[in-house]
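The file input.cif comes next; it holds mmCIF, N, CA and C atoms.
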data_upload
#
loop_
_atom_site.label_atom_id
_atom_site.label_comp_id
_atom_site.auth_asym_id
_atom_site.auth_seq_id
_atom_site.Cartn_x
_atom_site.Cartn_y
_atom_site.Cartn_z
N MET A 1 4.34 1.00 7.16
CA MET A 1 5.48 1.54 6.46
C MET A 1 5.37 1.12 4.99
N THR A 2 5.65 2.03 4.09
CA THR A 2 5.60 1.79 2.66
C THR A 2 6.96 1.33 2.16
N TYR A 3 6.95 0.29 1.31
CA TYR A 3 8.19 -0.22 0.73
C TYR A 3 8.72 0.76 -0.31
N THR A 4 10.02 0.97 -0.33
CA THR A 4 10.66 1.82 -1.32
C THR A 4 11.38 0.94 -2.32
N ALA A 5 10.85 0.88 -3.54
CA ALA A 5 11.44 0.07 -4.60
C ALA A 5 12.67 0.75 -5.17
N PHE A 6 13.49 -0.02 -5.87
CA PHE A 6 14.67 0.52 -6.55
C PHE A 6 14.24 1.60 -7.54
N ASP A 7 14.96 2.69 -7.57
CA ASP A 7 14.66 3.80 -8.48
C ASP A 7 15.94 4.17 -9.23
N LYS A 8 15.99 3.82 -10.53
CA LYS A 8 17.20 4.06 -11.30
C LYS A 8 17.51 5.54 -11.48
N THR A 9 16.57 6.42 -11.21
CA THR A 9 16.81 7.85 -11.39
C THR A 9 17.43 8.49 -10.15
N LEU A 10 17.56 7.74 -9.07
CA LEU A 10 18.11 8.27 -7.82
C LEU A 10 19.33 7.49 -7.39
N PRO A 11 20.23 8.11 -6.67
CA PRO A 11 20.23 9.49 -6.21
C PRO A 11 20.51 10.46 -7.36
N ASP A 12 20.12 11.70 -7.16
CA ASP A 12 20.29 12.74 -8.17
C ASP A 12 20.84 14.00 -7.49
N ALA A 13 22.11 14.26 -7.69
CA ALA A 13 22.77 15.39 -7.03
C ALA A 13 22.25 16.74 -7.50
N THR A 14 21.56 16.78 -8.64
CA THR A 14 21.06 18.06 -9.15
C THR A 14 19.74 18.46 -8.51
N THR A 15 19.01 17.48 -7.93
CA THR A 15 17.70 17.81 -7.36
C THR A 15 17.58 17.49 -5.88
N GLN A 16 18.53 16.74 -5.33
CA GLN A 16 18.43 16.33 -3.93
C GLN A 16 19.51 17.01 -3.09
N ASN A 17 19.13 17.32 -1.84
CA ASN A 17 20.13 17.84 -0.92
C ASN A 17 20.93 16.65 -0.37
N GLY A 18 21.91 16.90 0.45
CA GLY A 18 22.79 15.85 0.95
C GLY A 18 22.06 14.73 1.68
N THR A 19 21.10 15.09 2.53
CA THR A 19 20.35 14.08 3.28
C THR A 19 19.49 13.23 2.34
N GLN A 20 18.81 13.87 1.41
CA GLN A 20 17.97 13.14 0.45
C GLN A 20 18.83 12.22 -0.43
N PHE A 21 19.97 12.72 -0.84
CA PHE A 21 20.89 11.95 -1.68
C PHE A 21 21.33 10.68 -0.95
N ALA A 22 21.75 10.85 0.31
CA ALA A 22 22.20 9.70 1.10
C ALA A 22 21.06 8.72 1.34
N GLN A 23 19.85 9.23 1.60
CA GLN A 23 18.70 8.35 1.82
C GLN A 23 18.37 7.56 0.55
N ALA A 24 18.48 8.19 -0.61
CA ALA A 24 18.21 7.49 -1.87
C ALA A 24 19.20 6.35 -2.09
N ILE A 25 20.45 6.57 -1.70
CA ILE A 25 21.45 5.50 -1.79
C ILE A 25 21.04 4.34 -0.88
N ARG A 26 20.69 4.64 0.36
CA ARG A 26 20.26 3.60 1.31
C ARG A 26 19.04 2.86 0.79
N ASP A 27 18.06 3.58 0.26
CA ASP A 27 16.84 2.95 -0.26
C ASP A 27 17.17 2.00 -1.41
N ASN A 28 18.01 2.46 -2.35
CA ASN A 28 18.35 1.60 -3.49
C ASN A 28 19.19 0.41 -3.06
N GLN A 29 20.08 0.58 -2.10
CA GLN A 29 20.86 -0.55 -1.61
C GLN A 29 19.95 -1.59 -0.95
N ALA A 30 18.96 -1.14 -0.20
CA ALA A 30 18.02 -2.08 0.43
C ALA A 30 17.20 -2.81 -0.63
N ALA A 31 16.76 -2.09 -1.67
CA ALA A 31 15.98 -2.72 -2.74
C ALA A 31 16.84 -3.75 -3.48
N LEU A 32 18.12 -3.44 -3.71
CA LEU A 32 19.00 -4.40 -4.36
C LEU A 32 19.24 -5.62 -3.47
N ARG A 33 19.41 -5.38 -2.17
CA ARG A 33 19.55 -6.50 -1.23
C ARG A 33 18.36 -7.42 -1.33
N ASP A 34 17.17 -6.84 -1.30
CA ASP A 34 15.94 -7.63 -1.35
C ASP A 34 15.84 -8.40 -2.66
N ALA A 35 16.20 -7.77 -3.77
CA ALA A 35 16.14 -8.43 -5.07
C ALA A 35 17.10 -9.61 -5.14
N ILE A 36 18.28 -9.46 -4.57
CA ILE A 36 19.25 -10.55 -4.58
C ILE A 36 18.75 -11.71 -3.74
N VAL A 37 18.23 -11.44 -2.57
CA VAL A 37 17.75 -12.51 -1.69
C VAL A 37 16.53 -13.20 -2.28
N VAL A 38 15.59 -12.43 -2.81
CA VAL A 38 14.34 -12.99 -3.35
C VAL A 38 14.55 -13.59 -4.74
N GLY A 39 15.49 -13.05 -5.49
CA GLY A 39 15.72 -13.52 -6.85
C GLY A 39 14.86 -12.82 -7.87
N ALA A 40 14.29 -11.69 -7.51
CA ALA A 40 13.46 -10.91 -8.43
C ALA A 40 13.45 -9.46 -7.98
N LEU A 41 13.35 -8.56 -8.95
CA LEU A 41 13.29 -7.14 -8.66
C LEU A 41 11.94 -6.61 -9.07
N LYS A 42 11.27 -5.95 -8.15
CA LYS A 42 9.93 -5.41 -8.40
C LYS A 42 9.92 -4.61 -9.70
N GLY A 43 8.92 -4.88 -10.53
CA GLY A 43 8.75 -4.14 -11.77
C GLY A 43 9.36 -4.81 -12.99
N TRP A 44 10.12 -5.88 -12.80
CA TRP A 44 10.73 -6.60 -13.92
C TRP A 44 9.88 -7.82 -14.24
N ASN A 45 9.23 -7.80 -15.37
CA ASN A 45 8.30 -8.86 -15.77
C ASN A 45 9.01 -9.92 -16.60
N PHE A 46 8.67 -11.17 -16.36
CA PHE A 46 9.28 -12.34 -16.98
C PHE A 46 8.48 -12.78 -18.20
N SER A 47 9.20 -13.20 -19.25
CA SER A 47 8.57 -13.89 -20.37
C SER A 47 9.62 -14.82 -20.99
N LYS A 48 9.15 -15.79 -21.76
CA LYS A 48 10.06 -16.71 -22.44
C LYS A 48 9.56 -16.91 -23.86
N SER A 49 10.47 -17.30 -24.75
CA SER A 49 10.09 -17.51 -26.13
C SER A 49 11.03 -18.49 -26.79
N GLY A 50 10.60 -19.01 -27.94
CA GLY A 50 11.40 -19.96 -28.69
C GLY A 50 11.58 -21.27 -27.97
N GLY A 51 12.19 -22.21 -28.63
CA GLY A 51 12.41 -23.51 -28.02
C GLY A 51 11.10 -24.17 -27.64
N THR A 52 11.07 -24.78 -26.47
CA THR A 52 9.87 -25.44 -25.95
C THR A 52 9.52 -24.83 -24.59
N ASP A 53 8.37 -25.21 -24.07
CA ASP A 53 8.01 -24.72 -22.73
C ASP A 53 9.04 -25.14 -21.70
N GLU A 54 9.56 -26.37 -21.84
CA GLU A 54 10.54 -26.89 -20.88
C GLU A 54 11.94 -26.35 -21.13
N GLN A 55 12.24 -26.02 -22.39
CA GLN A 55 13.58 -25.56 -22.75
C GLN A 55 13.47 -24.33 -23.66
N PRO A 56 13.14 -23.19 -23.09
CA PRO A 56 12.99 -21.97 -23.90
C PRO A 56 14.35 -21.53 -24.46
N ALA A 57 14.31 -20.90 -25.63
CA ALA A 57 15.53 -20.37 -26.24
C ALA A 57 15.92 -19.03 -25.63
N THR A 58 14.92 -18.26 -25.21
CA THR A 58 15.17 -16.92 -24.70
C THR A 58 14.31 -16.64 -23.48
N ILE A 59 14.91 -16.05 -22.47
CA ILE A 59 14.19 -15.56 -21.30
C ILE A 59 14.39 -14.05 -21.27
N LEU A 60 13.29 -13.32 -21.06
CA LEU A 60 13.37 -11.86 -20.99
C LEU A 60 12.82 -11.38 -19.65
N TYR A 61 13.47 -10.38 -19.08
CA TYR A 61 12.96 -9.63 -17.95
C TYR A 61 12.85 -8.19 -18.44
N LYS A 62 11.64 -7.62 -18.36
CA LYS A 62 11.41 -6.29 -18.92
C LYS A 62 10.89 -5.33 -17.85
N ASN A 63 11.44 -4.11 -17.90
CA ASN A 63 10.97 -3.02 -17.07
C ASN A 63 10.97 -1.79 -17.97
N SER A 64 9.79 -1.47 -18.50
CA SER A 64 9.66 -0.37 -19.43
C SER A 64 10.59 -0.61 -20.62
N THR A 65 11.49 0.31 -20.92
CA THR A 65 12.39 0.16 -22.07
C THR A 65 13.65 -0.63 -21.73
N GLN A 66 13.86 -0.95 -20.46
CA GLN A 66 15.02 -1.74 -20.05
C GLN A 66 14.68 -3.22 -20.13
N TRP A 67 15.48 -3.97 -20.84
CA TRP A 67 15.27 -5.41 -20.97
C TRP A 67 16.56 -6.15 -20.64
N LEU A 68 16.42 -7.24 -19.91
CA LEU A 68 17.52 -8.18 -19.70
C LEU A 68 17.16 -9.46 -20.45
N LYS A 69 18.09 -9.95 -21.25
CA LYS A 69 17.83 -11.16 -22.06
C LYS A 69 18.83 -12.24 -21.70
N ILE A 70 18.34 -13.47 -21.63
CA ILE A 70 19.20 -14.62 -21.45
C ILE A 70 18.92 -15.56 -22.62
N ALA A 71 19.89 -15.73 -23.50
CA ALA A 71 19.77 -16.65 -24.63
C ALA A 71 20.39 -17.98 -24.20
N LEU A 72 19.59 -19.04 -24.28
CA LEU A 72 19.99 -20.34 -23.74
C LEU A 72 20.28 -21.36 -24.83
N THR A 73 21.34 -22.15 -24.60
CA THR A 73 21.64 -23.31 -25.42
C THR A 73 21.50 -24.53 -24.52
N TRP A 74 20.77 -25.52 -24.99
CA TRP A 74 20.48 -26.71 -24.21
C TRP A 74 21.29 -27.90 -24.71
N GLY A 75 21.80 -28.70 -23.78
CA GLY A 75 22.55 -29.90 -24.14
C GLY A 75 21.63 -30.98 -24.68
N THR A 76 22.20 -31.86 -25.50
CA THR A 76 21.39 -32.89 -26.15
C THR A 76 21.89 -34.31 -25.92
N THR A 77 23.09 -34.47 -25.41
CA THR A 77 23.62 -35.82 -25.21
C THR A 77 24.28 -35.94 -23.84
N GLY A 78 24.41 -37.19 -23.40
CA GLY A 78 25.12 -37.47 -22.15
C GLY A 78 24.54 -36.74 -20.97
N GLY A 79 25.38 -36.37 -20.02
CA GLY A 79 24.95 -35.70 -18.81
C GLY A 79 24.44 -34.30 -19.03
N GLU A 80 24.77 -33.70 -20.19
CA GLU A 80 24.28 -32.34 -20.47
C GLU A 80 22.89 -32.35 -21.09
N ALA A 81 22.38 -33.51 -21.47
CA ALA A 81 21.07 -33.59 -22.12
C ALA A 81 19.99 -32.98 -21.21
N GLY A 82 19.26 -32.01 -21.76
CA GLY A 82 18.19 -31.36 -21.01
C GLY A 82 18.65 -30.28 -20.06
N ASN A 83 19.94 -29.99 -20.07
CA ASN A 83 20.49 -28.96 -19.19
C ASN A 83 21.07 -27.81 -20.03
N VAL A 84 21.06 -26.61 -19.46
CA VAL A 84 21.65 -25.46 -20.14
C VAL A 84 23.17 -25.63 -20.19
N THR A 85 23.74 -25.46 -21.39
CA THR A 85 25.18 -25.55 -21.56
C THR A 85 25.82 -24.17 -21.78
N VAL A 86 25.04 -23.23 -22.34
CA VAL A 86 25.53 -21.87 -22.55
C VAL A 86 24.38 -20.89 -22.29
N ALA A 87 24.67 -19.85 -21.53
CA ALA A 87 23.70 -18.77 -21.28
C ALA A 87 24.39 -17.45 -21.59
N VAL A 88 23.83 -16.73 -22.57
CA VAL A 88 24.38 -15.43 -22.94
C VAL A 88 23.47 -14.36 -22.35
N TYR A 89 24.03 -13.54 -21.45
CA TYR A 89 23.29 -12.49 -20.77
C TYR A 89 23.53 -11.16 -21.47
N SER A 90 22.46 -10.39 -21.71
CA SER A 90 22.62 -9.09 -22.35
C SER A 90 21.57 -8.11 -21.85
N TYR A 91 21.85 -6.82 -22.09
CA TYR A 91 21.01 -5.73 -21.61
C TYR A 91 20.65 -4.80 -22.76
N SER A 92 19.39 -4.37 -22.79
CA SER A 92 18.93 -3.39 -23.76
C SER A 92 18.29 -2.23 -23.02
N SER A 93 18.62 -1.02 -23.43
CA SER A 93 17.99 0.17 -22.85
C SER A 93 16.93 0.74 -23.79
N ASN A 94 16.69 0.04 -24.92
CA ASN A 94 15.76 0.58 -25.92
C ASN A 94 14.75 -0.48 -26.40
N SER A 95 14.17 -1.19 -25.45
CA SER A 95 13.11 -2.17 -25.73
C SER A 95 13.54 -3.27 -26.68
N GLY A 96 14.79 -3.70 -26.60
CA GLY A 96 15.25 -4.82 -27.39
C GLY A 96 15.71 -4.49 -28.78
N VAL A 97 15.79 -3.21 -29.13
CA VAL A 97 16.29 -2.84 -30.46
C VAL A 97 17.76 -3.21 -30.58
N ALA A 98 18.55 -2.95 -29.56
CA ALA A 98 19.97 -3.30 -29.54
C ALA A 98 20.33 -3.77 -28.14
N TYR A 99 21.26 -4.69 -28.07
CA TYR A 99 21.69 -5.26 -26.79
C TYR A 99 23.19 -5.10 -26.61
N ASP A 100 23.60 -4.90 -25.35
CA ASP A 100 25.00 -4.96 -24.95
C ASP A 100 25.18 -6.26 -24.20
N THR A 101 26.16 -7.05 -24.59
CA THR A 101 26.40 -8.33 -23.93
C THR A 101 27.01 -8.09 -22.56
N ILE A 102 26.41 -8.70 -21.56
CA ILE A 102 26.93 -8.65 -20.19
C ILE A 102 28.03 -9.70 -20.05
N GLY A 103 27.75 -10.90 -20.53
CA GLY A 103 28.72 -11.99 -20.46
C GLY A 103 28.09 -13.30 -20.89
N THR A 104 28.96 -14.27 -21.13
CA THR A 104 28.53 -15.61 -21.53
C THR A 104 28.99 -16.60 -20.46
N LYS A 105 28.04 -17.40 -20.00
CA LYS A 105 28.35 -18.42 -18.99
C LYS A 105 28.25 -19.79 -19.65
N THR A 106 29.35 -20.52 -19.65
CA THR A 106 29.38 -21.88 -20.19
C THR A 106 29.36 -22.85 -19.02
N ILE A 107 28.50 -23.83 -19.11
CA ILE A 107 28.30 -24.78 -18.02
C ILE A 107 28.65 -26.18 -18.50
N THR A 108 29.50 -26.88 -17.74
CA THR A 108 29.85 -28.25 -18.10
C THR A 108 29.22 -29.21 -17.10
N TRP A 109 28.89 -30.38 -17.60
CA TRP A 109 28.15 -31.39 -16.85
C TRP A 109 28.89 -32.72 -16.90
N ASP A 110 28.79 -33.52 -15.84
CA ASP A 110 29.36 -34.86 -15.88
C ASP A 110 28.33 -35.84 -16.42
N ALA A 111 28.70 -37.10 -16.55
CA ALA A 111 27.83 -38.11 -17.13
C ALA A 111 26.54 -38.31 -16.34
N ALA A 112 26.56 -37.98 -15.04
CA ALA A 112 25.37 -38.12 -14.20
C ALA A 112 24.45 -36.91 -14.26
N GLY A 113 24.82 -35.90 -15.03
CA GLY A 113 24.00 -34.70 -15.13
C GLY A 113 24.22 -33.72 -14.00
N LEU A 114 25.40 -33.74 -13.41
CA LEU A 114 25.77 -32.82 -12.33
C LEU A 114 26.74 -31.78 -12.87
N ILE A 115 26.57 -30.55 -12.44
CA ILE A 115 27.47 -29.48 -12.88
C ILE A 115 28.89 -29.75 -12.36
N THR A 116 29.86 -29.65 -13.26
CA THR A 116 31.25 -29.81 -12.85
C THR A 116 32.01 -28.49 -12.88
N ALA A 117 31.55 -27.54 -13.71
CA ALA A 117 32.24 -26.25 -13.78
C ALA A 117 31.39 -25.24 -14.52
N THR A 118 31.64 -23.97 -14.23
CA THR A 118 31.09 -22.88 -15.01
C THR A 118 32.22 -21.93 -15.36
N THR A 119 32.15 -21.36 -16.54
CA THR A 119 33.16 -20.42 -17.00
C THR A 119 32.50 -19.21 -17.60
N TRP A 120 32.92 -18.02 -17.18
CA TRP A 120 32.40 -16.78 -17.75
C TRP A 120 33.38 -16.25 -18.80
N SER A 121 32.81 -15.74 -19.85
CA SER A 121 33.64 -15.06 -20.87
C SER A 121 32.90 -13.85 -21.37
#

Represent the supplied structure as structure tokens.
Amino acid sequence: MTYTAFDKTLPDATTQNGTQFAQAIRDNQAALRDAIVVGALKGWNFSKSGGTDEQPATILYKNSTQWLKIALTWGTTGGEAGNVTVAVYSYSSNSGVAYDTIGTKTITWDAAGLITATTWS
């Protein structure tokens, strides 16, 4: 059996009949399920830049002209030292020319370096 990867162009009511349309929904739902469980979606390539190898400033996932960017801020003192304190998630549909912000996740840490809370804005 051949695996059916997520296809952003489907379902398409202009080219598919009812059965094909419903099957495309099922196929994409299964691909999304798999991506969530595995933590990666086929076709999205990872890269990092800026900062250091251990603490990159930016993480990118790219699939053709679609890019997902995570801009990271790293803590420097106390329990947050060496841990991400802010992650700004954004999406580009034009190879990084412009981004739409998905959201900002702020992470707080206790003195032992354990997460105490996260807040989305």

Task: Matched chain/residue IDs from the PyMOL selection byres ((chain A and resi 117) around 6.5), as a list in words - done: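 So the PyMOL selection byres ((chain A and resi 117) around 6.5), applied here, picks out Thr106, Ile107, Thr108, Trp109, Leu114, Ile115, Thr116, Thr118 and Thr119 of chain A.
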
Open item on the list: Among chain A, which ones does DSSP assign to helix (DSSP H, G or I) (computed from the backbone)? Answer as a list in words.
Closed with: Gly18, Thr19, Gln20, Phe21, Ala22, Gln23, Ala24, Ile25, Arg26, Asp27, Asn28, Gln29, Ala30, Ala31, Leu32, Arg33, Asp34, Ala35, Ile36, Val37, Val38, Gly78, Gly79 and Glu80 of chain A

Open item on the list: Among chain A, which ones does DSSP assign to strand (DSSP E) (computed from the backbone)? Answer as an NGL selection string.
Closed with: :A and (45-49 or 58-63 or 66-74 or 84-92 or 100-109 or 115-120)

Residues from last step as file, N, CA and C atoms, as a short mmCIF file (atom, residue, chain, number, x, y, z; two decimals), in the coordinates of the input:
data_model
loop_
_atom_site.label_atom_id
_atom_site.label_comp_id
_atom_site.auth_asym_id
_atom_site.auth_seq_id
_atom_site.Cartn_x
_atom_site.Cartn_y
_atom_site.Cartn_z
N ASN A 45 9.23 -7.80 -15.37
CA ASN A 45 8.30 -8.86 -15.77
C ASN A 45 9.01 -9.92 -16.60
N PHE A 46 8.67 -11.17 -16.36
CA PHE A 46 9.28 -12.34 -16.98
C PHE A 46 8.48 -12.78 -18.20
N SER A 47 9.20 -13.20 -19.25
CA SER A 47 8.57 -13.89 -20.37
C SER A 47 9.62 -14.82 -20.99
N LYS A 48 9.15 -15.79 -21.76
CA LYS A 48 10.06 -16.71 -22.44
C LYS A 48 9.56 -16.91 -23.86
N SER A 49 10.47 -17.30 -24.75
CA SER A 49 10.09 -17.51 -26.13
C SER A 49 11.03 -18.49 -26.79
N THR A 58 14.92 -18.26 -25.21
CA THR A 58 15.17 -16.92 -24.70
C THR A 58 14.31 -16.64 -23.48
N ILE A 59 14.91 -16.05 -22.47
CA ILE A 59 14.19 -15.56 -21.30
C ILE A 59 14.39 -14.05 -21.27
N LEU A 60 13.29 -13.32 -21.06
CA LEU A 60 13.37 -11.86 -20.99
C LEU A 60 12.82 -11.38 -19.65
N TYR A 61 13.47 -10.38 -19.08
CA TYR A 61 12.96 -9.63 -17.95
C TYR A 61 12.85 -8.19 -18.44
N LYS A 62 11.64 -7.62 -18.36
CA LYS A 62 11.41 -6.29 -18.92
C LYS A 62 10.89 -5.33 -17.85
N ASN A 63 11.44 -4.11 -17.90
CA ASN A 63 10.97 -3.02 -17.07
C ASN A 63 10.97 -1.79 -17.97
N GLN A 66 13.86 -0.95 -20.46
CA GLN A 66 15.02 -1.74 -20.05
C GLN A 66 14.68 -3.22 -20.13
N TRP A 67 15.48 -3.97 -20.84
CA TRP A 67 15.27 -5.41 -20.97
C TRP A 67 16.56 -6.15 -20.64
N LEU A 68 16.42 -7.24 -19.91
CA LEU A 68 17.52 -8.18 -19.70
C LEU A 68 17.16 -9.46 -20.45
N LYS A 69 18.09 -9.95 -21.25
CA LYS A 69 17.83 -11.16 -22.06
C LYS A 69 18.83 -12.24 -21.70
N ILE A 70 18.34 -13.47 -21.63
CA ILE A 70 19.20 -14.62 -21.45
C ILE A 70 18.92 -15.56 -22.62
N ALA A 71 19.89 -15.73 -23.50
CA ALA A 71 19.77 -16.65 -24.63
C ALA A 71 20.39 -17.98 -24.20
N LEU A 72 19.59 -19.04 -24.28
CA LEU A 72 19.99 -20.34 -23.74
C LEU A 72 20.28 -21.36 -24.83
N THR A 73 21.34 -22.15 -24.60
CA THR A 73 21.64 -23.31 -25.42
C THR A 73 21.50 -24.53 -24.52
N TRP A 74 20.77 -25.52 -24.99
CA TRP A 74 20.48 -26.71 -24.21
C TRP A 74 21.29 -27.90 -24.71
N VAL A 84 21.06 -26.61 -19.46
CA VAL A 84 21.65 -25.46 -20.14
C VAL A 84 23.17 -25.63 -20.19
N THR A 85 23.74 -25.46 -21.39
CA THR A 85 25.18 -25.55 -21.56
C THR A 85 25.82 -24.17 -21.78
N VAL A 86 25.04 -23.23 -22.34
CA VAL A 86 25.53 -21.87 -22.55
C VAL A 86 24.38 -20.89 -22.29
N ALA A 87 24.67 -19.85 -21.53
CA ALA A 87 23.70 -18.77 -21.28
C ALA A 87 24.39 -17.45 -21.59
N VAL A 88 23.83 -16.73 -22.57
CA VAL A 88 24.38 -15.43 -22.94
C VAL A 88 23.47 -14.36 -22.35
N TYR A 89 24.03 -13.54 -21.45
CA TYR A 89 23.29 -12.49 -20.77
C TYR A 89 23.53 -11.16 -21.47
N SER A 90 22.46 -10.39 -21.71
CA SER A 90 22.62 -9.09 -22.35
C SER A 90 21.57 -8.11 -21.85
N TYR A 91 21.85 -6.82 -22.09
CA TYR A 91 21.01 -5.73 -21.61
C TYR A 91 20.65 -4.80 -22.76
N SER A 92 19.39 -4.37 -22.79
CA SER A 92 18.93 -3.39 -23.76
C SER A 92 18.29 -2.23 -23.02
N ASP A 100 23.60 -4.90 -25.35
CA ASP A 100 25.00 -4.96 -24.95
C ASP A 100 25.18 -6.26 -24.20
N THR A 101 26.16 -7.05 -24.59
CA THR A 101 26.40 -8.33 -23.93
C THR A 101 27.01 -8.09 -22.56
N ILE A 102 26.41 -8.70 -21.56
CA ILE A 102 26.93 -8.65 -20.19
C ILE A 102 28.03 -9.70 -20.05
N GLY A 103 27.75 -10.90 -20.53
CA GLY A 103 28.72 -11.99 -20.46
C GLY A 103 28.09 -13.30 -20.89
N THR A 104 28.96 -14.27 -21.13
CA THR A 104 28.53 -15.61 -21.53
C THR A 104 28.99 -16.60 -20.46
N LYS A 105 28.04 -17.40 -20.00
CA LYS A 105 28.35 -18.42 -18.99
C LYS A 105 28.25 -19.79 -19.65
N THR A 106 29.35 -20.52 -19.65
CA THR A 106 29.38 -21.88 -20.19
C THR A 106 29.36 -22.85 -19.02
N ILE A 107 28.50 -23.83 -19.11
CA ILE A 107 28.30 -24.78 -18.02
C ILE A 107 28.65 -26.18 -18.50
N THR A 108 29.50 -26.88 -17.74
CA THR A 108 29.85 -28.25 -18.10
C THR A 108 29.22 -29.21 -17.10
N TRP A 109 28.89 -30.38 -17.60
CA TRP A 109 28.15 -31.39 -16.85
C TRP A 109 28.89 -32.72 -16.90
N ILE A 115 26.57 -30.55 -12.44
CA ILE A 115 27.47 -29.48 -12.88
C ILE A 115 28.89 -29.75 -12.36
N THR A 116 29.86 -29.65 -13.26
CA THR A 116 31.25 -29.81 -12.85
C THR A 116 32.01 -28.49 -12.88
N ALA A 117 31.55 -27.54 -13.71
CA ALA A 117 32.24 -26.25 -13.78
C ALA A 117 31.39 -25.24 -14.52
N THR A 118 31.64 -23.97 -14.23
CA THR A 118 31.09 -22.88 -15.01
C THR A 118 32.22 -21.93 -15.36
N THR A 119 32.15 -21.36 -16.54
CA THR A 119 33.16 -20.42 -17.00
C THR A 119 32.50 -19.21 -17.60
N TRP A 120 32.92 -18.02 -17.18
CA TRP A 120 32.40 -16.78 -17.75
C TRP A 120 33.38 -16.25 -18.80
#

Open item on the list: Applying the PyMOL selection byres ((chain A and resi 73) around 5) to the file I just gave you, which residues come out? Please list them as a list in words.
Closed with: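 Written out, the selection comes to Ala71, Leu72, Trp74, Gly75, Val84, Thr85 and Val86 of chain A.
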
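The nearest approach to Lys69 (chain A) among the residues A:Ile102, A:Val37, A:Ala13, A:Ala81, with only C-alpha atoms taken into account, belongs to A:Ile102.
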
Open item on the list: For a test of reading the model, state the distance in Å between CA of Asp100 (chain A) and atom C of Leu68 (chain A), rounded to one decimal.
Closed with: 10.1 Å

Restore all heavy atoms in region 58-63 of chain A and list the result as a short mmCIF file (atom, residue, chain, number, x, y, z; two decimals), in the coordinates of the input.
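Written out: part.cif:
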data_model
loop_
_atom_site.label_atom_id
_atom_site.label_comp_id
_atom_site.auth_asym_id
_atom_site.auth_seq_id
_atom_site.Cartn_x
_atom_site.Cartn_y
_atom_site.Cartn_z
N THR A 58 14.92 -18.26 -25.21
CA THR A 58 15.17 -16.92 -24.70
C THR A 58 14.31 -16.64 -23.48
O THR A 58 13.12 -16.96 -23.47
CB THR A 58 14.86 -15.86 -25.77
OG1 THR A 58 15.63 -16.15 -26.94
CG2 THR A 58 15.19 -14.46 -25.28
N ILE A 59 14.91 -16.05 -22.47
CA ILE A 59 14.19 -15.56 -21.30
C ILE A 59 14.39 -14.05 -21.27
O ILE A 59 15.50 -13.56 -21.46
CB ILE A 59 14.70 -16.20 -20.00
CG1 ILE A 59 14.38 -17.69 -19.99
CG2 ILE A 59 14.13 -15.50 -18.78
CD1 ILE A 59 14.99 -18.45 -18.84
N LEU A 60 13.29 -13.32 -21.06
CA LEU A 60 13.37 -11.86 -20.99
C LEU A 60 12.82 -11.38 -19.65
O LEU A 60 11.82 -11.91 -19.15
CB LEU A 60 12.55 -11.21 -22.10
CG LEU A 60 13.09 -11.34 -23.52
CD1 LEU A 60 12.05 -10.86 -24.52
CD2 LEU A 60 14.37 -10.55 -23.67
N TYR A 61 13.47 -10.38 -19.08
CA TYR A 61 12.96 -9.63 -17.95
C TYR A 61 12.85 -8.19 -18.44
O TYR A 61 13.84 -7.61 -18.89
CB TYR A 61 13.90 -9.71 -16.75
CG TYR A 61 13.96 -11.08 -16.13
CD1 TYR A 61 14.92 -12.00 -16.51
CD2 TYR A 61 13.02 -11.46 -15.17
CE1 TYR A 61 14.97 -13.27 -15.94
CE2 TYR A 61 13.06 -12.72 -14.60
CZ TYR A 61 14.04 -13.62 -14.99
OH TYR A 61 14.08 -14.86 -14.43
N LYS A 62 11.64 -7.62 -18.36
CA LYS A 62 11.41 -6.29 -18.92
C LYS A 62 10.89 -5.33 -17.85
O LYS A 62 10.02 -5.68 -17.06
CB LYS A 62 10.37 -6.35 -20.04
CG LYS A 62 10.77 -7.20 -21.21
CD LYS A 62 9.65 -7.23 -22.25
CE LYS A 62 9.98 -8.11 -23.42
NZ LYS A 62 8.85 -8.14 -24.40
N ASN A 63 11.44 -4.11 -17.90
CA ASN A 63 10.97 -3.02 -17.07
C ASN A 63 10.97 -1.79 -17.97
O ASN A 63 12.01 -1.19 -18.20
CB ASN A 63 11.87 -2.82 -15.85
CG ASN A 63 11.38 -1.73 -14.94
OD1 ASN A 63 10.71 -0.80 -15.36
ND2 ASN A 63 11.73 -1.83 -13.67
#
